[in-house]
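Reproduced below: entry.cif, with mmCIF, C-alpha atoms.
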data_work
#
loop_
_atom_site.group_PDB
_atom_site.id
_atom_site.type_symbol
_atom_site.label_atom_id
_atom_site.label_comp_id
_atom_site.auth_asym_id
_atom_site.auth_seq_id
_atom_site.Cartn_x
_atom_site.Cartn_y
_atom_site.Cartn_z
ATOM 1 C CA MET A 1 160.614 46.119 67.602
ATOM 2 C CA PRO A 2 164.013 45.159 66.239
ATOM 3 C CA ARG A 3 166.802 47.702 66.627
ATOM 4 C CA ALA A 4 167.294 47.633 62.861
ATOM 5 C CA SER A 5 163.782 49.077 62.463
ATOM 6 C CA PHE A 6 163.794 51.377 65.477
ATOM 7 C CA ALA A 7 167.018 53.265 64.775
ATOM 8 C CA PRO A 8 166.312 54.562 61.272
ATOM 9 C CA TRP A 9 162.558 55.101 61.563
ATOM 10 C CA VAL A 10 161.457 55.720 65.155
ATOM 11 C CA ARG A 11 164.399 57.037 67.181
ATOM 12 C CA ASP A 12 164.254 60.644 65.955
ATOM 13 C CA THR A 13 160.480 61.072 66.101
ATOM 14 C CA ARG A 14 158.998 63.608 68.490
ATOM 15 C CA LEU A 15 155.589 64.690 69.677
ATOM 16 C CA LEU A 16 154.575 67.962 68.063
ATOM 17 C CA THR A 17 150.983 68.401 69.234
ATOM 18 C CA CYS A 18 148.222 66.581 71.048
ATOM 19 C CA GLU A 19 144.979 68.500 70.640
ATOM 20 C CA ASP A 20 141.340 67.447 70.397
ATOM 21 C CA GLY A 21 142.160 63.796 69.819
ATOM 22 C CA LEU A 22 144.742 64.462 67.101
ATOM 23 C CA VAL A 23 148.317 63.479 67.930
ATOM 24 C CA THR A 24 150.879 64.889 65.511
ATOM 25 C CA ILE A 25 154.293 63.253 65.497
ATOM 26 C CA GLY A 26 157.252 64.842 63.732
ATOM 27 C CA VAL A 27 159.651 62.707 61.732
ATOM 28 C CA ARG A 28 162.901 63.587 60.000
ATOM 29 C CA ASN A 29 162.030 62.869 56.370
ATOM 30 C CA GLN A 30 159.379 61.666 53.926
ATOM 31 C CA TYR A 31 160.722 58.101 53.913
ATOM 32 C CA ALA A 32 160.303 57.843 57.684
ATOM 33 C CA ARG A 33 156.832 59.396 57.457
ATOM 34 C CA ASP A 34 155.722 56.856 54.867
ATOM 35 C CA TRP A 35 157.280 53.911 56.720
ATOM 36 C CA LEU A 36 155.701 54.853 60.050
ATOM 37 C CA ASP A 37 152.356 55.715 58.472
ATOM 38 C CA ASN A 38 152.148 52.342 56.716
ATOM 39 C CA ARG A 39 153.404 50.190 59.571
ATOM 40 C CA LEU A 40 152.755 51.807 62.936
ATOM 41 C CA THR A 41 149.775 54.181 62.746
ATOM 42 C CA SER A 42 147.236 51.690 64.081
ATOM 43 C CA THR A 43 149.578 50.401 66.800
ATOM 44 C CA VAL A 44 150.493 53.899 67.988
ATOM 45 C CA SER A 45 146.823 54.968 67.899
ATOM 46 C CA ARG A 46 145.789 51.957 69.967
ATOM 47 C CA LEU A 47 148.570 52.439 72.524
ATOM 48 C CA LEU A 48 147.893 56.166 72.913
ATOM 49 C CA ALA A 49 144.142 55.579 73.185
ATOM 50 C CA GLY A 50 144.823 53.237 76.088
ATOM 51 C CA MET A 51 147.188 55.692 77.763
ATOM 52 C CA LEU A 52 144.946 58.729 77.257
ATOM 53 C CA ASN A 53 141.692 56.840 77.857
ATOM 54 C CA ARG A 54 140.134 58.277 74.668
ATOM 55 C CA SER A 55 140.231 57.624 70.967
ATOM 56 C CA VAL A 56 142.972 59.398 69.075
ATOM 57 C CA GLU A 57 144.027 59.929 65.495
ATOM 58 C CA VAL A 58 147.762 59.788 64.808
ATOM 59 C CA GLN A 59 149.375 61.843 62.082
ATOM 60 C CA PHE A 60 153.039 61.626 61.078
ATOM 61 C CA VAL A 61 154.487 64.756 59.480
ATOM 62 C CA VAL A 62 157.932 65.745 58.259
ATOM 63 C CA ALA A 63 159.324 68.256 60.748
ATOM 64 C CA ALA A 64 162.631 70.060 60.460
ATOM 65 C CA GLN A 65 165.164 69.046 63.078
ATOM 66 C CA ASP A 66 166.708 71.946 64.945
ATOM 67 C CA ALA A 67 170.434 72.028 64.249
ATOM 68 C CA ASP A 68 171.127 73.194 67.794
ATOM 69 C CA GLU A 69 168.834 70.629 69.418
ATOM 70 C CA ASN A 70 171.660 68.449 70.718
ATOM 71 C CA GLU A 71 174.211 71.151 71.356
ATOM 72 C CA VAL A 72 174.941 72.415 74.834
ATOM 73 C CA ASP A 73 174.480 76.130 75.345
ATOM 74 C CA PRO A 74 177.795 77.855 76.039
ATOM 75 C CA GLU A 75 178.232 79.610 79.370
ATOM 76 C CA PRO A 76 176.930 83.150 79.282
ATOM 77 C CA GLU A 77 179.578 85.833 79.161
ATOM 78 C CA PRO A 78 179.918 87.824 82.372
ATOM 79 C CA ASP A 79 178.430 91.300 82.330
ATOM 80 C CA GLU A 80 180.977 93.992 81.727
ATOM 81 C CA PRO A 81 181.074 96.935 84.173
#
Starting from the file, give its structure as structure tokens.
Amino acid sequence: MPRASFAPWVRDTRLLTCEDGLVTIGVRNQYARDWLDNRLTSTVSRLLAGMLNRSVEVQFVVAAQDADENEVDPEPEPDEP
């Protein structure tokens, strides 16, 4: 996949759930959801079916990105006596 396609559409996706043959993948916005749904659903389903050794259904959904996801937790303050 060309970098020009990967960066805006695929890079920020994340696995949300994988239950009973349904794989739900979170994306950052509706545009990404539509793009991935139209272009990659069958490819992702086929690849995951091979990896999991079972048939799967793939669903792309808009999922809020945590604002603190990429931030490093500050050091905890020492306990006061």
| 12 Å contact set for Ser42 (chain A), all atoms listed in the file, chain neighbours under 6 positions out, as an NGL selection string | :A and (36 or 48-49 or 55-60)
| remark: From CA of Met51 (chain A) to CA of Glu19 (chain A) the spacing works out at 14.8 Å
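If you look at CA of Asn29 (chain A) and CA of Arg3 (chain A), they are 18.9 Å away from each other.
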| task | Please provide the set of residues having any atom within 10 Å of Ala64 (chain A), restricted to all atoms listed in the file, with same-chain residues fewer than 3 positions apart removed, written as a list in words. | result | Gly26, Val27, Arg28, Asn29, Val61 and Ala67 of chain A
Selected residues written out, C-alpha atoms, as a JSON list (two decimals), in the frame of the given file:
[["chain", "number", "residue", "atom", "x", "y", "z"],
["A", 26, "GLY", "CA", 157.25, 64.84, 63.73],
["A", 27, "VAL", "CA", 159.65, 62.71, 61.73],
["A", 28, "ARG", "CA", 162.90, 63.59, 60.00],
["A", 29, "ASN", "CA", 162.03, 62.87, 56.37],
["A", 61, "VAL", "CA", 154.49, 64.76, 59.48],
["A", 67, "ALA", "CA", 170.43, 72.03, 64.25]]
Using all atoms of region 34-37 of chain A listed in the file and a margin of 3 Å per side, can you give the axis-aligned box centre and edge lengths in Å to one decimal, as JSON?
{"center_x": 154.8, "center_y": 55.4, "center_z": 57.5, "size_x": 10.9, "size_y": 8.9, "size_z": 11.2}
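Among the candidates A:Ala63, A:Leu47, A:Leu16, A:Val10, the one nearest to Trp35 (chain A) when counting all atoms listed in the file is A:Val10.
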With all atoms listed in the file as the counted atoms, please give the residues lying no more than 12 Å from Leu52 (chain A), apart from itself and same-chain residues fewer than 5 positions off, as a PDB file with C-alpha atoms, keeping the file's coordinate frame.
ATOM      1  CA  CYS A  18     148.222  66.581  71.048  1.00  0.00           C
ATOM      2  CA  GLU A  19     144.979  68.500  70.640  1.00  0.00           C
ATOM      3  CA  ASP A  20     141.340  67.447  70.397  1.00  0.00           C
ATOM      4  CA  GLY A  21     142.160  63.796  69.819  1.00  0.00           C
ATOM      5  CA  LEU A  22     144.742  64.462  67.101  1.00  0.00           C
ATOM      6  CA  VAL A  23     148.317  63.479  67.930  1.00  0.00           C
ATOM      7  CA  VAL A  44     150.493  53.899  67.988  1.00  0.00           C
ATOM      8  CA  SER A  45     146.823  54.968  67.899  1.00  0.00           C
ATOM      9  CA  ARG A  46     145.789  51.957  69.967  1.00  0.00           C
ATOM     10  CA  LEU A  47     148.570  52.439  72.524  1.00  0.00           C
ATOM     11  CA  GLU A  57     144.027  59.929  65.495  1.00  0.00           C
TER      12      GLU A  57
END
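Straight-line separation from CA of Phe6 (chain A) to CA of Leu40 (chain A): 11.3 Å.
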